[in-house]
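A.B. asks: My structure file input09.txt, compact mmCIF, N, CA and C atoms and all ligand atoms, is below:
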# COMPACT_ATOMS: atom_id res chain seq x y z
N MET A 1 -15.43 -51.03 -47.82
CA MET A 1 -16.41 -51.44 -46.81
C MET A 1 -15.67 -52.02 -45.60
N GLU A 2 -14.75 -52.84 -45.92
CA GLU A 2 -13.97 -53.45 -44.84
C GLU A 2 -13.19 -52.37 -44.07
N ARG A 3 -12.66 -51.43 -44.84
CA ARG A 3 -11.85 -50.36 -44.26
C ARG A 3 -12.69 -49.49 -43.30
N GLU A 4 -13.93 -49.25 -43.71
CA GLU A 4 -14.82 -48.44 -42.88
C GLU A 4 -14.99 -49.07 -41.48
N GLY A 5 -15.17 -50.36 -41.49
CA GLY A 5 -15.35 -51.07 -40.22
C GLY A 5 -14.12 -50.93 -39.34
N VAL A 6 -12.98 -51.05 -39.93
CA VAL A 6 -11.73 -50.95 -39.17
C VAL A 6 -11.60 -49.56 -38.55
N GLY A 7 -11.95 -48.53 -39.35
CA GLY A 7 -11.86 -47.15 -38.87
C GLY A 7 -12.71 -46.92 -37.64
N ARG A 8 -13.90 -47.44 -37.66
CA ARG A 8 -14.78 -47.26 -36.50
C ARG A 8 -14.20 -47.95 -35.26
N ALA A 9 -13.70 -49.11 -35.49
CA ALA A 9 -13.15 -49.87 -34.37
C ALA A 9 -11.98 -49.10 -33.74
N VAL A 10 -11.12 -48.54 -34.57
CA VAL A 10 -9.96 -47.82 -34.05
C VAL A 10 -10.39 -46.59 -33.25
N LEU A 11 -11.38 -45.86 -33.79
CA LEU A 11 -11.85 -44.66 -33.11
C LEU A 11 -12.38 -45.02 -31.71
N HIS A 12 -13.19 -46.03 -31.68
CA HIS A 12 -13.77 -46.44 -30.40
C HIS A 12 -12.66 -46.83 -29.42
N TRP A 13 -11.71 -47.54 -29.93
CA TRP A 13 -10.62 -48.03 -29.09
C TRP A 13 -9.80 -46.86 -28.54
N ASP A 14 -9.52 -45.86 -29.40
CA ASP A 14 -8.76 -44.69 -28.94
C ASP A 14 -9.46 -43.99 -27.79
N GLU A 15 -10.77 -43.87 -27.90
CA GLU A 15 -11.51 -43.20 -26.83
C GLU A 15 -11.35 -43.95 -25.51
N THR A 16 -11.44 -45.24 -25.60
CA THR A 16 -11.28 -46.06 -24.39
C THR A 16 -9.88 -45.86 -23.81
N LEU A 17 -8.92 -45.82 -24.71
CA LEU A 17 -7.53 -45.72 -24.29
C LEU A 17 -7.28 -44.39 -23.57
N VAL A 18 -7.83 -43.30 -24.11
CA VAL A 18 -7.65 -41.99 -23.48
C VAL A 18 -8.19 -41.99 -22.06
N GLU A 19 -9.37 -42.56 -21.90
CA GLU A 19 -9.94 -42.63 -20.56
C GLU A 19 -9.01 -43.36 -19.60
N GLU A 20 -8.46 -44.45 -20.07
CA GLU A 20 -7.59 -45.22 -19.19
C GLU A 20 -6.29 -44.48 -18.89
N GLU A 21 -5.73 -43.83 -19.92
CA GLU A 21 -4.47 -43.14 -19.72
C GLU A 21 -4.58 -42.06 -18.65
N GLU A 22 -5.74 -41.41 -18.57
CA GLU A 22 -5.90 -40.34 -17.59
C GLU A 22 -5.79 -40.87 -16.16
N GLU A 23 -6.07 -42.13 -16.01
CA GLU A 23 -6.02 -42.70 -14.67
C GLU A 23 -4.64 -43.25 -14.34
N LEU A 24 -3.77 -43.26 -15.29
CA LEU A 24 -2.45 -43.84 -15.04
C LEU A 24 -1.65 -42.99 -14.06
N TRP A 25 -1.02 -43.66 -13.17
CA TRP A 25 -0.14 -42.99 -12.21
C TRP A 25 1.08 -42.45 -12.96
N THR A 26 1.47 -41.21 -12.65
CA THR A 26 2.59 -40.62 -13.37
C THR A 26 3.85 -40.53 -12.52
N GLY A 27 3.74 -40.88 -11.25
CA GLY A 27 4.93 -40.94 -10.42
C GLY A 27 5.57 -39.58 -10.21
N ASP A 28 6.83 -39.61 -9.88
CA ASP A 28 7.58 -38.37 -9.67
C ASP A 28 8.33 -38.06 -10.97
N GLU A 29 7.60 -37.71 -11.99
CA GLU A 29 8.15 -37.65 -13.33
C GLU A 29 9.23 -36.59 -13.53
N ASP A 30 9.29 -35.61 -12.64
CA ASP A 30 10.31 -34.57 -12.81
C ASP A 30 11.68 -35.00 -12.28
N ASP A 31 11.70 -36.05 -11.54
CA ASP A 31 12.98 -36.50 -11.00
C ASP A 31 13.86 -37.11 -12.08
N ASP A 32 15.12 -36.80 -12.00
CA ASP A 32 16.07 -37.39 -12.93
C ASP A 32 16.73 -38.57 -12.22
N HIS A 33 16.45 -39.76 -12.71
CA HIS A 33 17.00 -40.96 -12.07
C HIS A 33 18.23 -41.49 -12.78
N SER A 34 18.89 -40.64 -13.56
CA SER A 34 20.12 -41.08 -14.21
C SER A 34 21.10 -41.57 -13.15
N GLY A 35 21.73 -42.68 -13.43
CA GLY A 35 22.68 -43.22 -12.46
C GLY A 35 22.03 -44.21 -11.51
N TRP A 36 20.69 -44.28 -11.54
CA TRP A 36 19.99 -45.32 -10.77
C TRP A 36 20.02 -46.61 -11.59
N PHE A 37 19.36 -47.60 -11.09
CA PHE A 37 19.38 -48.90 -11.76
C PHE A 37 17.98 -49.36 -12.10
N CYS A 38 17.85 -50.02 -13.23
CA CYS A 38 16.57 -50.57 -13.61
C CYS A 38 16.81 -51.98 -14.16
N VAL A 39 15.75 -52.66 -14.44
CA VAL A 39 15.86 -54.04 -14.90
C VAL A 39 15.34 -54.16 -16.32
N ARG A 40 16.24 -54.41 -17.25
CA ARG A 40 15.85 -54.62 -18.64
C ARG A 40 15.37 -56.06 -18.79
N THR A 41 14.31 -56.24 -19.54
CA THR A 41 13.79 -57.59 -19.73
C THR A 41 13.47 -57.81 -21.19
N ASP A 42 13.16 -59.03 -21.54
CA ASP A 42 12.64 -59.29 -22.87
C ASP A 42 11.31 -58.55 -22.99
N PRO A 43 10.97 -58.10 -24.21
CA PRO A 43 9.72 -57.34 -24.37
C PRO A 43 8.51 -58.14 -23.92
N PHE A 44 7.61 -57.46 -23.23
CA PHE A 44 6.35 -58.10 -22.85
C PHE A 44 5.26 -57.04 -22.87
N PRO A 45 4.06 -57.41 -23.28
CA PRO A 45 2.97 -56.43 -23.42
C PRO A 45 2.36 -56.05 -22.09
N CYS A 46 1.87 -54.83 -22.04
CA CYS A 46 1.11 -54.35 -20.88
C CYS A 46 -0.09 -55.28 -20.66
N PRO A 47 -0.38 -55.64 -19.40
CA PRO A 47 -1.49 -56.57 -19.13
C PRO A 47 -2.87 -55.95 -19.31
N ALA A 48 -2.95 -54.64 -19.48
CA ALA A 48 -4.26 -54.01 -19.61
C ALA A 48 -4.91 -54.39 -20.93
N ALA A 49 -6.19 -54.68 -20.89
CA ALA A 49 -6.91 -55.06 -22.10
C ALA A 49 -6.90 -53.92 -23.09
N GLY A 50 -6.52 -54.21 -24.34
CA GLY A 50 -6.56 -53.20 -25.38
C GLY A 50 -5.37 -52.25 -25.39
N CYS A 51 -4.45 -52.41 -24.47
CA CYS A 51 -3.30 -51.51 -24.40
C CYS A 51 -2.19 -52.04 -25.30
N THR A 52 -1.56 -51.14 -26.08
CA THR A 52 -0.54 -51.57 -27.02
C THR A 52 0.87 -51.35 -26.48
N PHE A 53 0.99 -50.86 -25.27
CA PHE A 53 2.31 -50.59 -24.69
C PHE A 53 3.09 -51.90 -24.51
N VAL A 54 4.32 -51.90 -24.97
CA VAL A 54 5.17 -53.06 -24.78
C VAL A 54 6.39 -52.63 -23.96
N ALA A 55 6.57 -53.22 -22.83
CA ALA A 55 7.67 -52.85 -21.95
C ALA A 55 8.92 -53.64 -22.28
N GLU A 56 10.06 -52.96 -22.24
CA GLU A 56 11.33 -53.65 -22.39
C GLU A 56 12.13 -53.55 -21.10
N PHE A 57 11.45 -53.06 -20.08
CA PHE A 57 12.05 -52.94 -18.75
C PHE A 57 10.99 -53.37 -17.74
N MET A 58 11.41 -53.53 -16.53
CA MET A 58 10.43 -53.76 -15.49
C MET A 58 9.73 -52.43 -15.25
N THR A 59 8.43 -52.40 -15.47
CA THR A 59 7.68 -51.15 -15.39
C THR A 59 6.45 -51.30 -14.51
N ALA A 60 5.89 -50.17 -14.16
CA ALA A 60 4.58 -50.12 -13.51
C ALA A 60 3.86 -48.92 -14.10
N ALA A 61 2.64 -49.11 -14.57
CA ALA A 61 1.88 -48.04 -15.20
C ALA A 61 2.72 -47.36 -16.29
N HIS A 62 3.47 -48.15 -17.03
CA HIS A 62 4.30 -47.71 -18.16
C HIS A 62 5.54 -46.94 -17.75
N LEU A 63 5.82 -46.84 -16.48
CA LEU A 63 7.02 -46.15 -16.03
C LEU A 63 8.08 -47.18 -15.66
N ILE A 64 9.32 -46.89 -16.03
CA ILE A 64 10.41 -47.80 -15.69
C ILE A 64 10.71 -47.67 -14.21
N LEU A 65 10.63 -48.77 -13.50
CA LEU A 65 10.94 -48.75 -12.07
C LEU A 65 12.44 -48.68 -11.88
N VAL A 66 12.89 -47.75 -11.03
CA VAL A 66 14.32 -47.58 -10.79
C VAL A 66 14.62 -47.67 -9.30
N TRP A 67 15.81 -48.16 -9.03
CA TRP A 67 16.30 -48.29 -7.67
C TRP A 67 17.63 -47.53 -7.58
N GLU A 68 17.88 -46.97 -6.41
CA GLU A 68 19.10 -46.17 -6.26
C GLU A 68 20.33 -47.05 -6.12
N GLU A 69 20.15 -48.22 -5.51
CA GLU A 69 21.27 -49.13 -5.28
C GLU A 69 21.12 -50.38 -6.12
N ARG A 70 22.22 -50.79 -6.71
CA ARG A 70 22.20 -51.97 -7.57
C ARG A 70 21.87 -53.24 -6.79
N ASP A 71 22.25 -53.25 -5.51
CA ASP A 71 22.01 -54.47 -4.72
C ASP A 71 20.83 -54.30 -3.77
N ASP A 72 19.92 -53.38 -4.12
CA ASP A 72 18.71 -53.21 -3.33
C ASP A 72 17.95 -54.55 -3.29
N PRO A 73 17.59 -55.00 -2.08
CA PRO A 73 16.92 -56.31 -1.98
C PRO A 73 15.63 -56.39 -2.80
N ASN A 74 14.91 -55.27 -2.90
CA ASN A 74 13.69 -55.27 -3.70
C ASN A 74 13.98 -55.43 -5.18
N LEU A 75 15.04 -54.78 -5.63
CA LEU A 75 15.44 -54.93 -7.03
C LEU A 75 15.78 -56.39 -7.31
N LEU A 76 16.58 -56.96 -6.42
CA LEU A 76 17.01 -58.35 -6.62
C LEU A 76 15.83 -59.31 -6.59
N TRP A 77 14.87 -59.02 -5.71
CA TRP A 77 13.70 -59.88 -5.60
C TRP A 77 12.88 -59.84 -6.89
N HIS A 78 12.68 -58.63 -7.40
CA HIS A 78 11.88 -58.50 -8.62
C HIS A 78 12.61 -59.09 -9.83
N ALA A 79 13.92 -58.92 -9.85
CA ALA A 79 14.70 -59.50 -10.95
C ALA A 79 14.60 -61.03 -10.90
N GLN A 80 14.63 -61.57 -9.71
CA GLN A 80 14.51 -63.02 -9.56
C GLN A 80 13.14 -63.51 -10.04
N ARG A 81 12.10 -62.76 -9.67
CA ARG A 81 10.74 -63.11 -10.11
C ARG A 81 10.65 -63.09 -11.63
N ALA A 82 11.24 -62.05 -12.24
CA ALA A 82 11.21 -61.93 -13.70
C ALA A 82 11.94 -63.10 -14.35
N LYS A 83 13.01 -63.52 -13.71
CA LYS A 83 13.79 -64.64 -14.22
C LYS A 83 12.96 -65.92 -14.19
N GLU A 84 12.24 -66.08 -13.10
CA GLU A 84 11.42 -67.29 -12.94
C GLU A 84 10.33 -67.41 -13.99
N VAL A 85 9.85 -66.26 -14.50
CA VAL A 85 8.81 -66.33 -15.52
C VAL A 85 9.38 -66.16 -16.93
N GLY A 86 10.71 -66.28 -17.04
CA GLY A 86 11.34 -66.33 -18.35
C GLY A 86 11.51 -64.99 -19.05
N ARG A 87 11.56 -63.91 -18.27
CA ARG A 87 11.70 -62.59 -18.89
C ARG A 87 13.15 -62.14 -19.05
N ASN A 88 14.09 -62.98 -18.71
CA ASN A 88 15.49 -62.71 -18.99
C ASN A 88 15.96 -61.35 -18.45
N PRO A 89 15.81 -61.08 -17.16
CA PRO A 89 16.15 -59.77 -16.61
C PRO A 89 17.65 -59.50 -16.53
N ARG A 90 18.04 -58.26 -16.81
CA ARG A 90 19.42 -57.81 -16.63
C ARG A 90 19.38 -56.47 -15.92
N VAL A 91 20.11 -56.32 -14.83
CA VAL A 91 20.18 -55.04 -14.14
C VAL A 91 21.11 -54.12 -14.93
N VAL A 92 20.59 -52.94 -15.29
CA VAL A 92 21.38 -51.99 -16.08
C VAL A 92 21.29 -50.60 -15.47
N ASP A 93 22.26 -49.72 -15.84
CA ASP A 93 22.20 -48.32 -15.43
C ASP A 93 21.03 -47.66 -16.16
N TYR A 94 20.23 -46.93 -15.42
CA TYR A 94 19.12 -46.22 -16.07
C TYR A 94 19.64 -44.94 -16.72
N VAL A 95 19.22 -44.69 -17.94
CA VAL A 95 19.47 -43.40 -18.59
C VAL A 95 18.12 -42.88 -19.09
N ARG A 96 17.99 -41.57 -19.15
CA ARG A 96 16.70 -40.94 -19.49
C ARG A 96 16.14 -41.42 -20.81
N ALA A 97 17.02 -41.75 -21.74
CA ALA A 97 16.59 -42.13 -23.08
C ALA A 97 15.71 -43.39 -23.06
N TYR A 98 15.78 -44.15 -21.99
CA TYR A 98 14.97 -45.37 -21.91
C TYR A 98 13.49 -45.04 -21.81
N GLY A 99 13.17 -43.85 -21.29
CA GLY A 99 11.77 -43.47 -21.12
C GLY A 99 11.52 -43.00 -19.69
N PRO A 100 10.27 -42.60 -19.42
CA PRO A 100 9.93 -42.08 -18.09
C PRO A 100 10.17 -43.13 -17.00
N SER A 101 10.61 -42.66 -15.86
CA SER A 101 10.94 -43.58 -14.78
C SER A 101 10.18 -43.20 -13.52
N ALA A 102 10.16 -44.13 -12.59
CA ALA A 102 9.59 -43.86 -11.28
C ALA A 102 10.39 -44.62 -10.24
N SER A 103 10.66 -43.97 -9.16
CA SER A 103 11.35 -44.64 -8.07
C SER A 103 10.48 -45.77 -7.54
N TYR A 104 11.09 -46.91 -7.33
CA TYR A 104 10.34 -48.06 -6.82
C TYR A 104 9.64 -47.70 -5.51
N TYR A 105 10.31 -46.93 -4.67
CA TYR A 105 9.74 -46.63 -3.36
C TYR A 105 8.61 -45.61 -3.45
N ALA A 106 8.69 -44.70 -4.42
CA ALA A 106 7.57 -43.77 -4.65
C ALA A 106 6.37 -44.56 -5.16
N TRP A 107 6.65 -45.53 -6.00
CA TRP A 107 5.58 -46.38 -6.55
C TRP A 107 4.91 -47.19 -5.45
N GLU A 108 5.73 -47.74 -4.60
CA GLU A 108 5.20 -48.53 -3.49
C GLU A 108 4.37 -47.65 -2.57
N ALA A 109 4.87 -46.44 -2.28
CA ALA A 109 4.16 -45.52 -1.39
C ALA A 109 2.83 -45.09 -1.99
N ALA A 110 2.75 -45.09 -3.33
CA ALA A 110 1.51 -44.68 -4.00
C ALA A 110 0.49 -45.82 -4.06
N GLY A 111 0.86 -46.97 -3.51
CA GLY A 111 -0.08 -48.09 -3.50
C GLY A 111 0.12 -49.03 -4.67
N ARG A 112 1.31 -49.03 -5.26
CA ARG A 112 1.67 -49.91 -6.37
C ARG A 112 0.69 -49.86 -7.53
N PRO A 113 0.40 -48.67 -8.05
CA PRO A 113 -0.53 -48.58 -9.18
C PRO A 113 0.04 -49.21 -10.45
N VAL A 114 -0.81 -49.90 -11.18
CA VAL A 114 -0.40 -50.47 -12.47
C VAL A 114 -1.52 -50.22 -13.47
N HIS A 115 -1.23 -50.42 -14.74
CA HIS A 115 -2.23 -50.24 -15.76
C HIS A 115 -2.99 -51.54 -15.96
N GLY A 116 -4.30 -51.50 -15.84
CA GLY A 116 -5.11 -52.63 -16.27
C GLY A 116 -5.46 -53.66 -15.24
N ILE A 117 -4.87 -53.57 -14.06
CA ILE A 117 -5.27 -54.54 -13.04
C ILE A 117 -6.04 -53.78 -11.97
N LYS A 118 -7.31 -53.58 -12.23
CA LYS A 118 -8.15 -52.88 -11.27
C LYS A 118 -9.56 -53.41 -11.45
N GLY A 119 -10.39 -53.21 -10.47
CA GLY A 119 -11.73 -53.76 -10.54
C GLY A 119 -11.67 -55.27 -10.58
N LYS A 120 -12.66 -55.88 -11.10
CA LYS A 120 -12.76 -57.33 -11.23
C LYS A 120 -12.41 -58.05 -9.94
ZN ZN B 201 -0.97 -50.19 -20.53
Now, as a test, write the supplied structure out as structure tokens.
Ligand SMILES: [Zn+2]

C.D. replies:
Amino acid sequence: MEREGVGRAVLHWDETLVEEEEELWTGDEDDDHSGWFCVRTDPFPCPAAGCTFVAEFMTAAHLILVWEERDDPNLLWHAQRAKEVGRNPRVVDYVRAYGPSASYYAWEAAGRPVHGIKGK
């Protein structure tokens, strides 16, 4: 009986999740950003309600934000912000194995889309 209730809840939740995923920005996903730089952080959950994604990098809409230059002022600014909130940021070389990436500037040009912070 208890199990039945859980099953229904999961099904409902999956449907909600699919709807949200379709709206997620996918960036310039075909670009290979190997050799660019990203910011690794302590794991933190996606701010979207009901989302199970846990980021281990500085991300937007589940994509790892990458910068072409290690000393890019925007990279340094975001790393500093992450440090201030205790996320222990480290600038590292991006490799594809980390997951899908998006250029910070493409993200900014797209209007800085993120998962879960809309409406309200
Ligand atoms: Zn999410």

A.B. asks: What residues of the protein or nucleic acid chains come within 7 Å of ligand ZN 201 (chain B) when you use only N, CA and C atoms and all ligand atoms? Reply as a VMD selection string.

C.D. replies: chain A and resid 45 to 53 61 to 62 115 to 116

A.B. asks: Residues at most 8 Å from region 71-79 of chain A, counting only N, CA and C atoms, excluding those fewer than 4 positions away in the same chain, as a tab-separated table (two decimals) with N, CA and C atoms, in the frame of the given file?

C.D. replies:
chain	number	residue	atom	x	y	z
A	37	PHE	N	19.36	-47.60	-11.09
A	37	PHE	CA	19.38	-48.90	-11.76
A	37	PHE	C	17.98	-49.36	-12.10
A	38	CYS	N	17.85	-50.02	-13.23
A	38	CYS	CA	16.57	-50.57	-13.61
A	38	CYS	C	16.81	-51.98	-14.16
A	39	VAL	N	15.75	-52.66	-14.44
A	39	VAL	CA	15.86	-54.04	-14.90
A	39	VAL	C	15.34	-54.16	-16.32
A	66	VAL	N	12.89	-47.75	-11.03
A	66	VAL	CA	14.32	-47.58	-10.79
A	66	VAL	C	14.62	-47.67	-9.30
A	67	TRP	N	15.81	-48.16	-9.03
A	67	TRP	CA	16.30	-48.29	-7.67
A	67	TRP	C	17.63	-47.53	-7.58
A	83	LYS	N	13.01	-63.52	-13.71
A	83	LYS	CA	13.79	-64.64	-14.22
A	83	LYS	C	12.96	-65.92	-14.19
A	84	GLU	N	12.24	-66.08	-13.10
A	84	GLU	CA	11.42	-67.29	-12.94
A	84	GLU	C	10.33	-67.41	-13.99
A	85	VAL	N	9.85	-66.26	-14.50
A	85	VAL	CA	8.81	-66.33	-15.52
A	85	VAL	C	9.38	-66.16	-16.93
A	88	ASN	N	14.09	-62.98	-18.71
A	88	ASN	CA	15.49	-62.71	-18.99
A	88	ASN	C	15.96	-61.35	-18.45
A	89	PRO	N	15.81	-61.08	-17.16
A	89	PRO	CA	16.15	-59.77	-16.61
A	89	PRO	C	17.65	-59.50	-16.53
A	90	ARG	N	18.04	-58.26	-16.81
A	90	ARG	CA	19.42	-57.81	-16.63
A	90	ARG	C	19.38	-56.47	-15.92
A	91	VAL	N	20.11	-56.32	-14.83
A	91	VAL	CA	20.18	-55.04	-14.14
A	91	VAL	C	21.11	-54.12	-14.93

A.B. asks: For each of A:Ala82, A:Ala109, A:Val92, A:Leu24, take the minimum atom-to-atom distance to Pro43 (chain A), counting only C-alpha atoms, then give the residue where this is smallest.

C.D. replies: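 Using only C-alpha atoms, Pro43 (chain A) sits closest to A:Ala82.
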
A.B. asks: Could you name the residues that touch Tyr94 (chain A) at 12 Å or less, counting only C-alpha atoms, but leaving out those on the same chain fewer than 5 positions away, as a PDB file with N, CA and C atoms, keeping the file's coordinate frame?

C.D. replies:
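Contents of the output file around-v3.pdb:
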ATOM      1  N   ASP A  32      15.120 -36.800 -12.000  1.00  0.00           N
ATOM      2  CA  ASP A  32      16.070 -37.390 -12.930  1.00  0.00           C
ATOM      3  C   ASP A  32      16.730 -38.570 -12.220  1.00  0.00           C
ATOM      4  N   HIS A  33      16.450 -39.760 -12.710  1.00  0.00           N
ATOM      5  CA  HIS A  33      17.000 -40.960 -12.070  1.00  0.00           C
ATOM      6  C   HIS A  33      18.230 -41.490 -12.780  1.00  0.00           C
ATOM      7  N   SER A  34      18.890 -40.640 -13.560  1.00  0.00           N
ATOM      8  CA  SER A  34      20.120 -41.080 -14.210  1.00  0.00           C
ATOM      9  C   SER A  34      21.100 -41.570 -13.150  1.00  0.00           C
ATOM     10  N   GLY A  35      21.730 -42.680 -13.430  1.00  0.00           N
ATOM     11  CA  GLY A  35      22.680 -43.220 -12.460  1.00  0.00           C
ATOM     12  C   GLY A  35      22.030 -44.210 -11.510  1.00  0.00           C
ATOM     13  N   TRP A  36      20.690 -44.280 -11.540  1.00  0.00           N
ATOM     14  CA  TRP A  36      19.990 -45.320 -10.770  1.00  0.00           C
ATOM     15  C   TRP A  36      20.020 -46.610 -11.590  1.00  0.00           C
ATOM     16  N   PHE A  37      19.360 -47.600 -11.090  1.00  0.00           N
ATOM     17  CA  PHE A  37      19.380 -48.900 -11.760  1.00  0.00           C
ATOM     18  C   PHE A  37      17.980 -49.360 -12.100  1.00  0.00           C
ATOM     19  N   CYS A  38      17.850 -50.020 -13.230  1.00  0.00           N
ATOM     20  CA  CYS A  38      16.570 -50.570 -13.610  1.00  0.00           C
ATOM     21  C   CYS A  38      16.810 -51.980 -14.160  1.00  0.00           C
ATOM     22  N   VAL A  39      15.750 -52.660 -14.440  1.00  0.00           N
ATOM     23  CA  VAL A  39      15.860 -54.040 -14.900  1.00  0.00           C
ATOM     24  C   VAL A  39      15.340 -54.160 -16.320  1.00  0.00           C
ATOM     25  N   ARG A  40      16.240 -54.410 -17.250  1.00  0.00           N
ATOM     26  CA  ARG A  40      15.850 -54.620 -18.640  1.00  0.00           C
ATOM     27  C   ARG A  40      15.370 -56.060 -18.790  1.00  0.00           C
ATOM     28  N   PHE A  57      11.450 -53.060 -20.080  1.00  0.00           N
ATOM     29  CA  PHE A  57      12.050 -52.940 -18.750  1.00  0.00           C
ATOM     30  C   PHE A  57      10.990 -53.370 -17.740  1.00  0.00           C
ATOM     31  N   MET A  58      11.410 -53.530 -16.530  1.00  0.00           N
ATOM     32  CA  MET A  58      10.430 -53.760 -15.490  1.00  0.00           C
ATOM     33  C   MET A  58       9.730 -52.430 -15.250  1.00  0.00           C
ATOM     34  N   ILE A  64       9.320 -46.890 -16.030  1.00  0.00           N
ATOM     35  CA  ILE A  64      10.410 -47.800 -15.690  1.00  0.00           C
ATOM     36  C   ILE A  64      10.710 -47.670 -14.210  1.00  0.00           C
ATOM     37  N   LEU A  65      10.630 -48.770 -13.500  1.00  0.00           N
ATOM     38  CA  LEU A  65      10.940 -48.750 -12.070  1.00  0.00           C
ATOM     39  C   LEU A  65      12.440 -48.680 -11.880  1.00  0.00           C
ATOM     40  N   VAL A  66      12.890 -47.750 -11.030  1.00  0.00           N
ATOM     41  CA  VAL A  66      14.320 -47.580 -10.790  1.00  0.00           C
ATOM     42  C   VAL A  66      14.620 -47.670  -9.300  1.00  0.00           C
ATOM     43  N   TRP A  67      15.810 -48.160  -9.030  1.00  0.00           N
ATOM     44  CA  TRP A  67      16.300 -48.290  -7.670  1.00  0.00           C
ATOM     45  C   TRP A  67      17.630 -47.530  -7.580  1.00  0.00           C
ATOM     46  N   GLU A  68      17.880 -46.970  -6.410  1.00  0.00           N
ATOM     47  CA  GLU A  68      19.100 -46.170  -6.260  1.00  0.00           C
ATOM     48  C   GLU A  68      20.330 -47.050  -6.120  1.00  0.00           C
ATOM     49  N   GLU A  69      20.150 -48.220  -5.510  1.00  0.00           N
ATOM     50  CA  GLU A  69      21.270 -49.130  -5.280  1.00  0.00           C
ATOM     51  C   GLU A  69      21.120 -50.380  -6.120  1.00  0.00           C
ATOM     52  N   ARG A  70      22.220 -50.790  -6.710  1.00  0.00           N
ATOM     53  CA  ARG A  70      22.200 -51.970  -7.570  1.00  0.00           C
ATOM     54  C   ARG A  70      21.870 -53.240  -6.790  1.00  0.00           C
ATOM     55  N   GLY A  99      13.170 -43.850 -21.290  1.00  0.00           N
ATOM     56  CA  GLY A  99      11.770 -43.470 -21.120  1.00  0.00           C
ATOM     57  C   GLY A  99      11.520 -43.000 -19.690  1.00  0.00           C
ATOM     58  N   PRO A 100      10.270 -42.600 -19.420  1.00  0.00           N
ATOM     59  CA  PRO A 100       9.930 -42.080 -18.090  1.00  0.00           C
ATOM     60  C   PRO A 100      10.170 -43.130 -17.000  1.00  0.00           C
ATOM     61  N   SER A 101      10.610 -42.660 -15.860  1.00  0.00           N
ATOM     62  CA  SER A 101      10.940 -43.580 -14.780  1.00  0.00           C
ATOM     63  C   SER A 101      10.180 -43.200 -13.520  1.00  0.00           C
ATOM     64  N   ALA A 102      10.160 -44.130 -12.590  1.00  0.00           N
ATOM     65  CA  ALA A 102       9.590 -43.860 -11.280  1.00  0.00           C
ATOM     66  C   ALA A 102      10.390 -44.620 -10.240  1.00  0.00           C
ATOM     67  N   SER A 103      10.660 -43.970  -9.160  1.00  0.00           N
ATOM     68  CA  SER A 103      11.350 -44.640  -8.070  1.00  0.00           C
ATOM     69  C   SER A 103      10.480 -45.770  -7.540  1.00  0.00           C
TER      70      SER A 103
END

A.B. asks: Taking all listed atoms of region 45-59 of chain A, build the axis-aligned box, pad each of the six sides by 4 Å, then write its centre and edge lengths in Å to one decimal as lines of an AutoDock Vina configuration file.

C.D. replies:
center_x = 2.6
center_y = -54.0
center_z = -20.8
size_x = 27.0
size_y = 14.8
size_z = 20.5

A.B. asks: Quick one, how far is atom N of Gln80 (chain A) from atom N of Asp93 (chain A)?

C.D. replies: 15.4 Å

A.B. asks: Would you please give, as a list in words, all residues of region 54-109 of chain A that DSSP assigns to strand (DSSP E or B) based on the backbone?

C.D. replies: Val54, Ala55, Glu56, Phe57, Thr59, Ala60, Leu63, Ile64, Leu65, Val66, Trp67, Arg90, Val91, Val92, Asp93, Ser101, Ala102 and Ser103 of chain A

A.B. asks: Output the selection as a compact mmCIF listing (two decimals), keeping the file's coordinate frame - N, CA and C atoms for each residue.

C.D. replies:
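As a result, result02.txt now contains:
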# COMPACT_ATOMS: atom_id res chain seq x y z
N VAL A 54 4.32 -51.90 -24.97
CA VAL A 54 5.17 -53.06 -24.78
C VAL A 54 6.39 -52.63 -23.96
N ALA A 55 6.57 -53.22 -22.83
CA ALA A 55 7.67 -52.85 -21.95
C ALA A 55 8.92 -53.64 -22.28
N GLU A 56 10.06 -52.96 -22.24
CA GLU A 56 11.33 -53.65 -22.39
C GLU A 56 12.13 -53.55 -21.10
N PHE A 57 11.45 -53.06 -20.08
CA PHE A 57 12.05 -52.94 -18.75
C PHE A 57 10.99 -53.37 -17.74
N THR A 59 8.43 -52.40 -15.47
CA THR A 59 7.68 -51.15 -15.39
C THR A 59 6.45 -51.30 -14.51
N ALA A 60 5.89 -50.17 -14.16
CA ALA A 60 4.58 -50.12 -13.51
C ALA A 60 3.86 -48.92 -14.10
N LEU A 63 5.82 -46.84 -16.48
CA LEU A 63 7.02 -46.15 -16.03
C LEU A 63 8.08 -47.18 -15.66
N ILE A 64 9.32 -46.89 -16.03
CA ILE A 64 10.41 -47.80 -15.69
C ILE A 64 10.71 -47.67 -14.21
N LEU A 65 10.63 -48.77 -13.50
CA LEU A 65 10.94 -48.75 -12.07
C LEU A 65 12.44 -48.68 -11.88
N VAL A 66 12.89 -47.75 -11.03
CA VAL A 66 14.32 -47.58 -10.79
C VAL A 66 14.62 -47.67 -9.30
N TRP A 67 15.81 -48.16 -9.03
CA TRP A 67 16.30 -48.29 -7.67
C TRP A 67 17.63 -47.53 -7.58
N ARG A 90 18.04 -58.26 -16.81
CA ARG A 90 19.42 -57.81 -16.63
C ARG A 90 19.38 -56.47 -15.92
N VAL A 91 20.11 -56.32 -14.83
CA VAL A 91 20.18 -55.04 -14.14
C VAL A 91 21.11 -54.12 -14.93
N VAL A 92 20.59 -52.94 -15.29
CA VAL A 92 21.38 -51.99 -16.08
C VAL A 92 21.29 -50.60 -15.47
N ASP A 93 22.26 -49.72 -15.84
CA ASP A 93 22.20 -48.32 -15.43
C ASP A 93 21.03 -47.66 -16.16
N SER A 101 10.61 -42.66 -15.86
CA SER A 101 10.94 -43.58 -14.78
C SER A 101 10.18 -43.20 -13.52
N ALA A 102 10.16 -44.13 -12.59
CA ALA A 102 9.59 -43.86 -11.28
C ALA A 102 10.39 -44.62 -10.24
N SER A 103 10.66 -43.97 -9.16
CA SER A 103 11.35 -44.64 -8.07
C SER A 103 10.48 -45.77 -7.54

A.B. asks: What separation in Å, quoted to one decimal, exists between CA of Pro113 (chain A) and CA of Thr26 (chain A)?

C.D. replies: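 Straight-line distance from CA of Pro113 (chain A) to CA of Thr26 (chain A) works out to 9.5 Å.
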